[in-house]
$ cat my_file01.txt   # compact mmCIF, C-alpha atoms
# COMPACT_ATOMS: atom_id res chain seq x y z
CA MET A 246 48.52 59.25 93.93
CA LEU A 247 45.50 61.50 93.36
CA ASP A 248 45.55 62.50 97.04
CA LYS A 249 49.17 63.55 96.70
CA VAL A 250 48.39 65.74 93.68
CA LEU A 251 45.46 67.27 95.53
CA CYS A 252 47.69 68.02 98.53
CA LEU A 253 50.12 69.79 96.23
CA LEU A 254 47.38 71.94 94.79
CA ASP A 255 45.60 73.17 97.91
CA PRO A 256 45.29 72.19 101.58
CA ASP A 257 41.50 72.47 101.30
CA LYS A 258 40.12 69.32 99.61
CA GLU A 259 37.30 71.04 97.75
CA GLN A 260 39.52 73.79 96.45
CA ALA A 261 42.12 71.20 95.50
CA ALA A 262 39.59 69.19 93.51
CA LEU A 263 38.52 72.33 91.69
CA GLU A 264 42.11 73.31 90.95
CA TYR A 265 42.85 69.76 89.78
CA ALA A 266 40.10 70.04 87.14
CA ARG A 267 41.31 73.46 86.08
CA LEU A 268 44.95 72.39 85.85
CA HIS A 269 43.87 69.38 83.81
CA GLU A 270 42.04 71.72 81.46
CA ARG A 271 45.04 74.03 81.13
CA LEU A 272 47.33 71.10 80.43
CA THR A 273 44.92 69.71 77.86
CA ARG A 274 44.91 73.06 76.07
CA PHE A 275 48.70 73.26 76.24
CA PHE A 276 48.99 69.86 74.51
CA GLU A 277 46.22 70.69 72.07
CA TRP A 278 47.85 73.95 71.00
CA ASN A 279 51.14 72.16 70.58
CA ASN A 280 49.59 69.59 68.25
CA ALA A 281 49.68 66.52 70.47
CA ASN A 282 47.60 63.65 69.18
CA ASP A 283 45.75 62.94 72.40
CA PRO A 284 45.88 66.03 74.61
CA ARG A 285 43.61 64.63 77.34
CA ALA A 286 45.64 61.46 77.80
CA LEU A 287 48.83 63.52 78.01
CA ALA A 288 47.24 65.82 80.61
CA ASP A 289 46.34 62.70 82.65
CA GLU A 290 49.90 61.49 82.30
CA ALA A 291 51.32 64.87 83.35
CA LEU A 292 49.19 64.88 86.51
CA ASP A 293 50.17 61.27 87.30
CA ARG A 294 53.81 62.20 87.02
CA LEU A 295 53.19 65.27 89.15
CA GLY A 296 51.70 63.00 91.84
CA ARG A 297 54.68 60.63 91.66
CA ARG A 298 57.06 63.59 91.97
CA GLY A 299 55.09 64.79 94.98
CA LEU A 300 55.43 61.37 96.64
CA SER A 301 59.18 61.30 96.22
CA ALA A 302 59.81 64.94 97.17
CA ASP A 303 61.08 65.70 100.63
CA ALA A 304 60.51 68.91 102.51
CA GLU A 305 63.62 70.59 101.07
CA THR A 306 63.14 69.78 97.43
CA GLY A 307 59.35 69.69 97.56
CA VAL A 308 57.16 70.98 94.78
CA ARG A 309 56.76 74.72 95.43
CA SER A 310 54.51 75.58 92.53
CA ALA A 311 52.45 72.75 91.17
CA SER A 312 51.64 74.54 87.92
CA SER A 313 55.30 75.37 87.20
CA PHE A 314 56.22 71.81 87.92
CA ALA A 315 53.39 70.55 85.76
CA LEU A 316 54.69 72.73 82.93
CA GLY A 317 58.12 71.12 83.18
CA ILE A 318 56.57 67.68 83.00
CA ALA A 319 54.29 68.76 80.15
CA ARG A 320 57.23 70.01 78.10
CA TYR A 321 59.05 66.76 78.61
CA LEU A 322 55.98 64.78 77.58
CA LEU A 323 55.60 66.97 74.53
CA GLN A 324 59.16 66.20 73.46
CA GLU A 325 58.39 62.50 73.73
CA GLU A 326 55.19 63.04 71.78
CA ARG A 327 57.06 64.85 69.01
CA ARG A 328 59.53 62.06 68.67
CA ARG A 329 56.62 59.65 68.39
CA GLN A 330 54.92 61.85 65.84
CA SER A 331 58.01 62.22 63.69
CA ARG A 332 58.11 58.44 63.42
CA ASP A 333 54.52 58.44 62.42
CA ALA A 334 54.10 59.56 58.85
CA GLU A 335 50.34 59.47 59.18
CA ALA A 336 50.45 62.33 61.64
CA ARG A 337 50.93 64.78 58.82
CA ARG A 338 48.13 64.15 56.46
CA SER A 339 47.39 66.66 53.75
CA TRP A 340 44.78 69.35 54.25
CA ALA A 341 42.82 68.01 51.34
CA ALA A 342 42.57 64.58 52.89
CA ALA A 343 41.64 65.99 56.26
CA THR A 344 39.04 68.44 55.10
CA GLY A 345 37.87 67.07 51.77
CA GLU A 346 34.36 68.10 50.85
CA SER A 347 31.92 66.55 53.22
CA SER A 348 29.40 64.28 51.60
CA SER A 349 25.78 65.30 51.81
CA ALA A 350 25.16 62.38 54.18
CA GLU A 351 27.86 63.73 56.52
CA LEU A 352 26.41 67.22 56.36
CA GLU A 353 22.97 65.84 57.13
CA LYS A 354 24.37 63.92 60.11
CA MET A 355 26.13 67.04 61.35
CA ASP A 356 23.00 69.12 60.94
CA GLU A 357 20.91 66.57 62.80
CA ALA A 358 23.47 66.33 65.61
CA MET A 359 23.50 70.13 65.84
CA GLN A 360 19.70 70.29 65.99
CA ARG A 361 19.53 67.65 68.71
CA SER A 362 22.29 69.30 70.72
CA LEU A 363 20.68 72.74 70.51
CA ALA A 364 17.33 71.26 71.50
CA LYS A 365 18.95 69.59 74.50
CA MET A 366 20.48 72.83 75.80
CA LYS A 367 18.80 74.80 78.57
CA PRO A 368 16.58 77.43 76.91
CA ASP A 369 18.39 80.30 78.67
CA ASN A 370 21.75 79.09 77.43
CA ARG A 371 20.45 78.60 73.91
CA LYS A 372 18.99 82.09 74.00
CA LEU A 373 22.33 83.55 75.08
CA LEU A 374 24.18 81.71 72.29
CA GLU A 375 21.68 82.93 69.72
CA ALA A 376 21.90 86.50 70.95
CA TYR A 377 25.70 86.44 71.00
CA TYR A 378 26.04 85.26 67.41
CA ARG A 379 23.13 87.23 65.97
CA HIS A 380 25.14 90.22 64.80
CA THR A 381 27.49 90.78 61.92
CA ALA A 382 31.04 92.03 62.31
CA SER A 383 30.22 95.74 62.16
CA GLN A 384 27.65 95.65 64.99
CA LYS A 385 29.21 92.85 67.00
CA ILE A 386 31.18 94.75 69.65
CA LYS A 387 28.35 97.14 70.45
CA ALA A 388 25.83 94.29 70.55
CA HIS A 389 28.06 92.25 72.84
CA GLN A 390 28.44 95.22 75.16
CA ASN A 391 24.64 95.59 75.37
CA LEU A 392 24.30 91.88 76.02
CA ALA A 393 26.96 92.00 78.75
CA SER A 394 25.12 94.79 80.58
CA GLU A 395 21.83 92.92 80.18
CA TYR A 396 23.38 89.91 81.91
CA GLY A 397 25.33 92.04 84.42
CA LEU A 398 28.67 90.69 83.19
CA SER A 399 31.91 92.18 81.96
CA LEU A 400 32.66 91.66 78.27
CA ASN A 401 35.33 89.12 79.12
CA ALA A 402 33.05 87.20 81.46
CA LEU A 403 30.36 87.13 78.77
CA ARG A 404 32.88 85.90 76.21
CA ASN A 405 34.01 83.14 78.57
CA ARG A 406 30.46 82.09 79.35
CA VAL A 407 29.64 81.88 75.65
CA PHE A 408 32.86 80.02 75.02
CA ARG A 409 31.87 77.42 77.65
CA LEU A 410 28.46 77.04 76.03
CA ARG A 411 30.13 76.49 72.66
CA LYS A 412 32.30 73.82 74.24
CA GLU A 413 29.24 72.16 75.72
CA LEU A 414 27.48 72.31 72.35
CA GLU A 415 30.53 70.98 70.52
CA SER A 416 30.96 68.11 72.94
CA SER A 417 27.29 67.19 72.58
CA VAL A 418 27.54 67.29 68.76
CA ARG A 419 30.62 65.07 68.91
CA SER A 420 28.89 62.51 71.09
CA TYR A 421 25.87 62.37 68.76
CA LEU A 422 28.21 61.96 65.78
CA GLU A 423 30.07 59.15 67.55
CA GLN A 424 26.81 57.42 68.46
CA ASP A 425 25.70 57.51 64.83
CA SER A 426 28.97 56.31 63.34
CA MET B 229 36.38 107.37 79.00
CA ASP B 230 33.51 107.53 76.50
CA GLU B 231 31.73 104.53 75.00
CA ARG B 232 33.58 104.77 71.70
CA GLU B 233 36.94 104.57 73.44
CA VAL B 234 35.80 101.53 75.44
CA LEU B 235 34.71 99.79 72.25
CA LYS B 236 37.97 100.69 70.53
CA MET B 237 39.98 99.34 73.46
CA GLN B 238 37.99 96.12 73.46
CA SER B 239 38.59 95.67 69.77
CA THR B 240 42.32 96.37 70.19
CA ASP B 241 42.54 93.93 73.11
CA ASN B 242 40.91 91.22 71.02
CA ASN B 243 43.27 91.90 68.12
CA ASN B 244 46.30 91.75 70.42
CA GLU B 245 45.12 88.48 71.95
CA ARG B 246 44.56 87.01 68.51
CA ALA B 247 48.03 88.06 67.34
CA LEU B 248 49.60 86.65 70.50
CA PHE B 249 47.78 83.35 70.16
CA LEU B 250 48.68 83.05 66.47
CA ARG B 251 52.35 83.71 67.25
CA TYR B 252 52.30 81.05 69.95
CA ILE B 253 50.66 78.26 67.98
CA THR B 254 52.78 78.89 64.93
CA ASN B 255 55.99 78.93 66.93
CA ARG B 256 56.97 82.48 66.07
CA MET B 257 58.01 83.55 69.59
CA ASP B 258 61.55 83.70 70.86
CA ALA B 259 62.50 81.34 73.70
CA ALA B 260 61.99 83.87 76.51
CA GLU B 261 58.60 85.00 75.25
CA ARG B 262 57.50 81.42 74.77
CA GLU B 263 58.65 80.51 78.27
CA ALA B 264 56.69 83.42 79.76
CA MET B 265 53.63 82.60 77.68
CA GLU B 266 53.62 78.95 78.73
CA ASN B 267 54.16 79.79 82.39
CA ARG B 268 51.14 82.04 82.25
CA LEU B 269 49.07 79.50 80.32
CA LEU B 270 49.69 76.89 83.01
CA SER B 271 49.38 79.12 86.08
CA ASP B 272 46.70 81.69 85.16
CA HIS B 273 43.39 80.02 84.42
CA GLU B 274 41.69 83.21 83.30
CA PHE B 275 44.41 83.80 80.73
CA SER B 276 44.10 80.21 79.56
CA ASP B 277 40.33 80.77 79.16
CA GLN B 278 40.94 83.95 77.18
CA MET B 279 43.30 82.15 74.81
CA ALA B 280 40.80 79.31 74.42
CA ALA B 281 38.05 81.80 73.58
CA CYS B 282 40.44 83.41 71.11
CA GLU B 283 41.07 80.00 69.52
CA GLN B 284 37.31 79.46 69.18
CA GLU B 285 36.90 82.87 67.53
CA LEU B 286 39.70 82.08 65.08
CA ILE B 287 38.10 78.73 64.24
CA ASP B 288 34.74 80.49 63.75
CA ALA B 289 36.32 83.12 61.52
CA TYR B 290 38.16 80.45 59.55
CA ALA B 291 34.99 78.38 59.21
CA THR B 292 33.01 81.31 57.86
CA GLY B 293 35.77 82.73 55.63
CA LEU B 294 36.27 85.90 57.67
CA LEU B 295 40.04 85.73 58.10
CA ASN B 296 42.44 87.80 56.04
CA ALA B 297 44.81 86.07 53.63
CA ALA B 298 47.81 86.26 56.00
CA GLU B 299 45.85 84.69 58.86
CA ILE B 300 44.57 81.93 56.59
CA THR B 301 48.11 81.11 55.49
CA ILE B 302 49.15 80.83 59.12
CA LEU B 303 46.13 78.99 60.44
CA LYS B 304 45.40 76.53 57.65
CA PRO B 305 48.34 74.17 58.28
CA TRP B 306 47.78 74.35 62.04
CA ILE B 307 44.16 73.29 61.64
CA ALA B 308 45.18 70.58 59.19
CA LEU B 309 47.56 69.08 61.74
CA SER B 310 44.76 67.95 64.00
CA GLU B 311 41.72 65.90 63.08
CA ARG B 312 39.98 67.27 66.15
CA ARG B 313 40.49 70.84 64.90
CA THR B 314 39.17 70.05 61.44
CA GLN B 315 36.10 68.59 63.09
CA ARG B 316 35.76 71.75 65.20
CA VAL B 317 35.81 73.78 61.97
CA ARG B 318 32.95 71.65 60.61
CA ILE B 319 30.96 71.97 63.82
CA ALA B 320 31.48 75.75 63.80
CA GLN B 321 30.33 75.87 60.18
CA ALA B 322 27.20 73.89 61.03
CA PHE B 323 26.40 76.13 63.99
CA LEU B 324 27.17 79.51 62.43
CA GLN B 325 25.60 78.82 59.05
CA ARG B 326 22.48 77.69 60.85
CA ARG B 327 22.43 81.03 62.68
CA GLN B 328 23.00 82.98 59.47
CA ASN B 329 20.19 81.10 57.77
CA ARG B 330 17.86 81.93 60.66
CA VAL B 331 18.80 85.60 60.53
CA ARG B 332 18.24 85.59 56.77
CA MET B 333 14.88 83.88 57.22
CA ILE B 334 13.88 86.57 59.71
CA LYS B 335 15.06 89.29 57.32
CA VAL B 336 13.02 87.75 54.52
CA TRP B 337 9.90 87.03 56.54
CA VAL B 338 9.61 90.35 58.35
CA PRO B 339 8.89 92.36 55.18
CA TRP B 340 6.56 89.60 53.97
CA ALA B 341 4.69 89.58 57.24
CA ALA B 342 4.45 93.38 57.11
CA LEU B 343 3.22 93.18 53.53
CA ALA B 344 0.66 90.52 54.42
CA ALA B 345 -0.54 92.65 57.33
CA CYS B 346 -0.91 95.68 55.04
CA LEU B 347 -2.80 93.65 52.46
CA LEU B 348 -5.14 92.26 55.10
CA LEU B 349 -5.71 95.70 56.53
CA GLY B 350 -6.30 97.14 53.06
CA ALA B 351 -8.72 94.35 52.18
CA GLY B 352 -10.55 94.84 55.47
CA LEU B 353 -10.88 98.59 54.87
CA LEU B 354 -12.07 98.06 51.30
CA ARG B 355 -14.67 95.59 52.40
CA HIS B 356 -15.79 97.84 55.22
CA THR B 357 -16.11 100.81 52.86
CA SER B 358 -18.01 98.87 50.20
CA LEU B 359 -20.43 97.45 52.78
CA ARG B 360 -21.16 100.93 54.07
CA ARG B 361 -21.72 102.27 50.55
CA SER B 362 -23.88 99.45 49.17
CA LEU B 363 -27.54 100.31 48.80
CA PRO B 364 -30.42 98.05 49.73
CA GLY B 365 -31.57 95.97 46.75
CA GLU B 366 -28.30 96.43 44.85
CA VAL B 367 -27.49 93.36 42.75
CA GLU B 368 -24.20 91.67 43.37
CA ALA B 369 -21.91 91.15 40.36
CA PRO B 370 -21.91 87.54 39.16
CA ALA B 371 -19.03 85.31 40.20
CA ILE B 372 -16.38 84.75 37.60
CA ALA B 373 -14.41 81.65 36.77
CA PRO B 374 -10.78 82.10 37.84
CA SER B 375 -9.50 80.81 34.51
CA GLN B 376 -11.53 83.30 32.47
CA PRO B 377 -11.52 86.54 34.36
CA ASP B 378 -13.83 89.28 33.28
CA LEU B 379 -12.08 92.41 34.38
CA SER B 380 -15.15 94.56 34.04
CA SER B 381 -17.19 92.47 36.43
CA SER B 382 -14.57 91.56 38.97
CA THR B 383 -13.85 93.45 42.17
CA ARG B 384 -13.99 97.17 42.02
CA PRO B 385 -10.82 98.32 40.23
CA SER B 386 -8.24 99.71 42.59
CA LEU B 387 -5.91 102.47 41.51
CA LYS B 388 -3.24 101.24 43.88
CA PRO B 389 -1.17 98.34 42.64
CA ASP B 390 -1.02 95.06 44.52
CA VAL B 391 2.50 94.29 45.65
CA VAL B 392 4.17 90.97 44.93
CA LEU B 393 7.45 90.60 46.79
CA VAL B 394 9.83 87.79 45.96
CA VAL B 395 13.41 87.09 47.00
CA ALA B 396 16.09 86.46 44.39
CA GLU B 397 18.63 84.03 45.72
CA ARG B 398 20.05 80.69 44.91
CA ILE B 399 18.25 78.24 47.16
CA ARG B 400 19.14 74.58 47.14
CA GLY B 401 16.48 71.97 47.65
CA GLU B 402 12.76 72.47 47.73
CA GLN B 403 11.46 75.99 48.18
CA GLN B 404 8.25 77.16 49.74
CA ILE B 405 6.19 78.96 47.13
CA PRO B 406 4.60 82.15 48.45
CA THR B 407 1.04 82.80 47.32
CA PHE B 408 -0.20 86.35 46.76
CA LEU B 409 -3.85 87.32 46.82
CA ILE B 410 -4.38 90.16 44.37
CA HIS B 411 -7.20 92.13 42.78
CA SER B 412 -7.76 91.04 39.21
CA ALA B 413 -8.26 94.64 38.06
CA SER B 414 -5.27 96.13 39.84
CA PRO B 415 -1.82 96.54 38.37
CA ILE B 416 0.89 94.55 40.13
CA GLN B 417 3.99 96.10 41.56
CA LEU B 418 6.64 93.40 41.50
CA GLU B 419 9.43 93.86 44.06
CA VAL B 420 12.40 91.51 43.88
CA LEU B 421 14.62 91.57 46.96
CA LEU B 422 18.21 91.09 45.84
CA ALA B 423 20.23 89.07 48.31
CA THR B 424 23.50 89.54 46.47
CA GLY B 425 23.97 93.29 46.63
CA LEU B 426 23.73 96.25 44.30
CA GLY B 427 24.59 96.15 40.62
CA SER B 428 23.02 97.36 37.42
CA GLY B 429 21.68 96.16 34.10
CA TYR B 430 19.40 93.40 35.35
CA GLY B 431 17.25 91.41 32.96
CA LEU B 432 13.86 90.30 34.23
CA LYS B 433 11.43 87.77 32.83
CA ILE B 434 8.17 86.43 34.18
CA VAL B 435 7.02 83.10 32.83
CA ARG B 436 4.34 80.63 33.79
CA ALA B 437 5.96 77.82 35.75
CA GLU B 438 4.64 75.25 33.30
CA ASP B 439 5.49 77.23 30.17
CA SER B 440 8.85 78.94 30.42
CA ALA B 441 9.17 79.33 26.65
CA HIS B 442 6.65 82.17 26.40
CA PRO B 443 7.46 85.07 28.72
CA ILE B 444 4.56 87.13 29.97
CA LEU B 445 6.87 90.02 30.66
CA GLU B 446 10.43 90.68 29.56
CA GLN B 447 12.49 93.70 30.57
CA SER B 448 16.16 94.57 30.37
CA ASN B 449 18.63 97.07 31.84
CA LEU B 450 16.70 97.44 35.07
CA GLU B 451 18.32 99.42 37.87
CA PRO B 452 17.83 98.35 41.49
CA HIS B 453 17.07 100.74 44.33
CA SER B 454 17.70 100.69 48.05
CA VAL B 455 15.00 100.76 50.75
CA HIS B 456 16.15 100.78 54.39
CA GLY B 457 19.41 99.09 53.46
CA GLU B 458 17.79 96.33 51.38
CA ILE B 459 18.19 96.30 47.62
CA TYR B 460 15.10 95.84 45.44
CA LEU B 461 14.36 95.63 41.77
CA SER B 462 10.90 96.97 40.87
CA SER B 463 8.65 96.49 37.90
CA THR B 464 4.99 97.27 37.27
CA ILE B 465 2.81 94.72 35.53
CA THR B 466 -0.42 95.78 33.90
CA ALA B 467 -3.70 94.73 35.47
CA GLY B 468 -4.97 91.32 34.45
CA SER B 469 -1.63 90.10 33.07
CA LEU B 470 -1.17 87.50 35.76
CA HIS B 471 -4.04 85.07 36.06
CA PRO B 472 -4.26 82.70 39.00
CA GLY B 473 -1.41 80.21 38.71
CA THR B 474 2.25 79.66 39.44
CA TYR B 475 4.95 81.86 37.98
CA ASP B 476 8.72 82.16 37.87
CA VAL B 477 10.58 85.44 38.06
CA ILE B 478 13.84 84.93 36.20
CA LEU B 479 16.48 87.51 37.01
CA SER B 480 19.73 87.62 35.11
CA ARG B 481 22.87 89.71 35.23
CA ASP B 482 26.43 89.04 34.04
CA GLY B 483 25.65 85.42 33.22
CA GLU B 484 24.12 84.73 36.65
CA THR B 485 20.50 83.71 36.91
CA HIS B 486 18.17 83.61 39.89
CA ILE B 487 14.72 82.10 39.78
CA SER B 488 12.00 82.85 42.31
CA ARG B 489 8.69 81.05 42.15
CA PHE B 490 5.40 82.46 43.38
CA ALA B 491 1.70 81.80 43.00
CA ILE B 492 -1.15 84.19 42.34
CA ARG B 493 -4.74 83.98 43.50
CA TRP B 494 -7.44 86.56 42.96
CA TYR B 495 -9.67 88.01 45.55
CA PRO B 496 -13.07 86.44 45.09
CA PRO B 497 -15.52 88.79 43.37
CA LYS B 498 -18.19 90.41 45.48

$ encode --input "my_file01.txt" --output "structure tokens"
Amino acid sequence: MLDKVLCLLDPDKEQAALEYARLHERLTRFFEWNNANDPRALADEALDRLGRRGLSADAETGVRSASSFALGIARYLLQEERRRQSRDAEARRSWAAATGESSSAELEKMDEAMQRSLAKMKPDNRKLLEAYYRHTASQKIKAHQNLASEYGLSLNALRNRVFRLRKELESSVRSYLEQDS
Amino acid sequence: MDEREVLKMQSTDNNNERALFLRYITNRMDAAEREAMENRLLSDHEFSDQMAACEQELIDAYATGLLNAAEITILKPWIALSERRTQRVRIAQAFLQRRQNRVRMIKVWVPWAALAACLLLGAGLLRHTSLRRSLPGEVEAPAIAPSQPDLSSSTRPSLKPDVVLVVAERIRGEQQIPTFLIHSASPIQLEVLLATGLGSGYGLKIVRAEDSAHPILEQSNLEPHSVHGEIYLSSTITAGSLHPGTYDVILSRDGETHISRFAIRWYPPK
């Protein structure tokens, strides 16, 4: 099944593997932004269904654009998800219950996880994160432009690199929090 | 295109992206626009990255209270819908508050370090000058007990005041108490760095840490002043008023009180 999806994405295996990961990420975001409960699992499911569709497609009705086809599948899965959610009263908890004041023990745990995650990062990456978030709103754009030229990047590329580092940091914090719970 | 225009464009681009993302997640697009948006999200990875970065910036702004009221109204229920998002808000808070604390620490410590360097330099110069001037056979002044200072026999009186700089802010938990080395015969220039911005009509009290009932100094209606963008409240304390020990500066205004603790030591007599 995976081979079929890869074939749909690119004739070159390496490129196909790369595009598979990227499409999975885009699907995950699509589900996340549309409030699915488990975006990653739904992205897996969408790619599975894409592979099955690829297997059954003949030359005439074959999948021309994998991403467009994946979107169709994703929308269908989202409809199913919404029906499931509407049956599930728990899915709509109140803001207060979801974000109630954290206890000091939780804050301590979070702080410790953050410290450990920052310490684990490569020094260059940590330095970039610190530099990016050092400035207040009024100086931010100018400071980011200076930082981008220092790193030889466009502003958008810098923003994306920092965003990836934040994701890495967040995922590390999550895993420490899960270990401790 | 000059630099200002580039910055303006960047800012406008970011605002447009943010508006677009907010419209998408809150379902305020018509069917055609939504269709186009989703097609692009699934086919253009760079665009998907940009929207994800935009989402992170919104979460950061939400976590640090930097959104406007309209954006909060829109974003709050969307964040509440997902446990993962609420956790992301907490992680962003932990990360960004940590950064702000570090920046604040740097802001606080730089003037202190500069002050300490000046004091050391001043003390070094004084010592150098007095060594050069002392005559052979001159008798050194007797040492004095710190608890019973004899101003006339302590270090040579200095016309310049010694500076004591403390920071007025609400700090939870245990604080580090800064210690200032001063000349017993010099007046003290107290500088209180205000972390909460400019205002007027401050009340200031200095008390011994172990005896807050009897103020050593009490002043009212003090006006702060600005130095290089930082706001300070200044007061001069007469020489010999503060003996070695630990003190609290109690600052009050409009029912709010800030307490900063510091310790005093005297330069040993020559």

$ interface_residues --input "my_file01.txt" --of "chain A" --to "chain B" --cutoff "8 Å" --atoms "all atoms listed in the file" --output "number ranges by chain"
A: 267-268, 271-272, 274-275, 278-280, 282, 312-313, 315-316, 336-340, 343-344, 355-356, 359, 375, 378-379, 386-387, 401, 404-405, 408, 415, 418

$ atom_distance --input "my_file01.txt" --atom1 "CA of Arg493 in chain B" --atom2 "CA of Thr474 in chain B"
9.2 Å

$ closest_residue --input "my_file01.txt" --among "A:Gln360, A:Tyr396, A:Ala319, A:Gly299" --to "Leu251 in chain A" --atoms "only C-alpha atoms"
A:Gly299

$ residues_around --input "my_file01.txt" --residues "range 432-449 of chain B" --least-positions-apart "2" --cutoff "8 Å" --atoms "all atoms listed in the file" --output "PyMOL selection string"
chain B and resi 428-430+451+465+469+473-480+489

$ write_last_selection --input "my_file01.txt" --atoms "C-alpha atoms" --output "PDB file, keeping the file's coordinate frame"
ATOM      1  CA  SER B 428      23.020  97.360  37.420  1.00  0.00           C
ATOM      2  CA  GLY B 429      21.680  96.160  34.100  1.00  0.00           C
ATOM      3  CA  TYR B 430      19.400  93.400  35.350  1.00  0.00           C
ATOM      4  CA  GLU B 451      18.320  99.420  37.870  1.00  0.00           C
ATOM      5  CA  ILE B 465       2.810  94.720  35.530  1.00  0.00           C
ATOM      6  CA  SER B 469      -1.630  90.100  33.070  1.00  0.00           C
ATOM      7  CA  GLY B 473      -1.410  80.210  38.710  1.00  0.00           C
ATOM      8  CA  THR B 474       2.250  79.660  39.440  1.00  0.00           C
ATOM      9  CA  TYR B 475       4.950  81.860  37.980  1.00  0.00           C
ATOM     10  CA  ASP B 476       8.720  82.160  37.870  1.00  0.00           C
ATOM     11  CA  VAL B 477      10.580  85.440  38.060  1.00  0.00           C
ATOM     12  CA  ILE B 478      13.840  84.930  36.200  1.00  0.00           C
ATOM     13  CA  LEU B 479      16.480  87.510  37.010  1.00  0.00           C
ATOM     14  CA  SER B 480      19.730  87.620  35.110  1.00  0.00           C
ATOM     15  CA  ARG B 489       8.690  81.050  42.150  1.00  0.00           C
TER      16      ARG B 489
END

$ residues_around --input "my_file01.txt" --residues "Phe314 in chain A" --least-positions-apart "3" --cutoff "12 Å" --atoms "all atoms listed in the file" --output "list in words"
Val250, Leu253, Leu254, Leu268, Leu272, Ala291, Leu292, Arg294, Leu295, Gly296, Arg297, Arg298, Gly299, Thr306, Gly307, Val308, Arg309, Ser310, Ala311, Gly317, Ile318, Ala319, Arg320 and Tyr321 of chain A; Glu266, Asn267, Leu270 and Ser271 of chain B

$ atom_distance --input "my_file01.txt" --atom1 "CA of Ile302 in chain B" --atom2 "CA of Met257 in chain B"
14.0 Å

$ atom_distance --input "my_file01.txt" --atom1 "CA of Gln384 in chain A" --atom2 "CA of Gly293 in chain B"
17.9 Å

$ residues_around --input "my_file01.txt" --residues "Gln417 in chain B" --least-positions-apart "4" --cutoff "6 Å" --atoms "all atoms listed in the file" --output "ChimeraX atom specification"
/B:389-391,463-464

$ axis_aligned_box --input "my_file01.txt" --around "range 265-272 of chain B" --padding-each-side "6 Å" --output "lines of an AutoDock Vina configuration file"
center_x = 50.4
center_y = 79.7
center_z = 81.9
size_x = 19.5
size_y = 17.7
size_z = 20.4

$ residues_around --input "my_file01.txt" --residues "Glu395 in chain A" --least-positions-apart "6" --cutoff "12 Å" --atoms "all atoms listed in the file" --output "list in words"
Leu373, Ala376, Tyr377, Ala388, His389 and Leu403 of chain A

$ write_last_selection --input "my_file01.txt" --atoms "C-alpha atoms" --output "CSV table (one decimal), keeping the file's coordinate frame"
chain,number,residue,atom,x,y,z
A,373,LEU,CA,22.3,83.6,75.1
A,376,ALA,CA,21.9,86.5,71.0
A,377,TYR,CA,25.7,86.4,71.0
A,388,ALA,CA,25.8,94.3,70.6
A,389,HIS,CA,28.1,92.2,72.8
A,403,LEU,CA,30.4,87.1,78.8

$ build_atoms --input "my_file01.txt" --residues "range 275-285 of chain B" --atoms "N, CA and C atoms" --output "CSV table (one decimal), in the coordinates of the input"
chain,number,residue,atom,x,y,z
B,275,PHE,N,43.7,83.6,82.0
B,275,PHE,CA,44.4,83.8,80.7
B,275,PHE,C,44.2,82.6,79.8
B,276,SER,N,44.3,81.4,80.4
B,276,SER,CA,44.1,80.2,79.6
B,276,SER,C,42.7,80.2,78.9
B,277,ASP,N,41.7,80.7,79.7
B,277,ASP,CA,40.3,80.8,79.2
B,277,ASP,C,40.3,81.8,78.0
B,278,GLN,N,41.0,82.9,78.2
B,278,GLN,CA,40.9,84.0,77.2
B,278,GLN,C,41.6,83.4,75.9
B,279,MET,N,42.6,82.7,76.0
B,279,MET,CA,43.3,82.2,74.8
B,279,MET,C,42.4,81.1,74.1
B,280,ALA,N,41.7,80.3,75.0
B,280,ALA,CA,40.8,79.3,74.4
B,280,ALA,C,39.6,80.0,73.7
B,281,ALA,N,39.1,81.1,74.3
B,281,ALA,CA,38.0,81.8,73.6
B,281,ALA,C,38.6,82.4,72.3
B,282,CYS,N,39.8,82.8,72.3
B,282,CYS,CA,40.4,83.4,71.1
B,282,CYS,C,40.6,82.3,70.0
B,283,GLU,N,41.0,81.1,70.5
B,283,GLU,CA,41.1,80.0,69.5
B,283,GLU,C,39.7,79.7,68.9
B,284,GLN,N,38.7,79.7,69.7
B,284,GLN,CA,37.3,79.5,69.2
B,284,GLN,C,36.9,80.5,68.1
B,285,GLU,N,37.2,81.8,68.5
B,285,GLU,CA,36.9,82.9,67.5
B,285,GLU,C,37.7,82.7,66.2
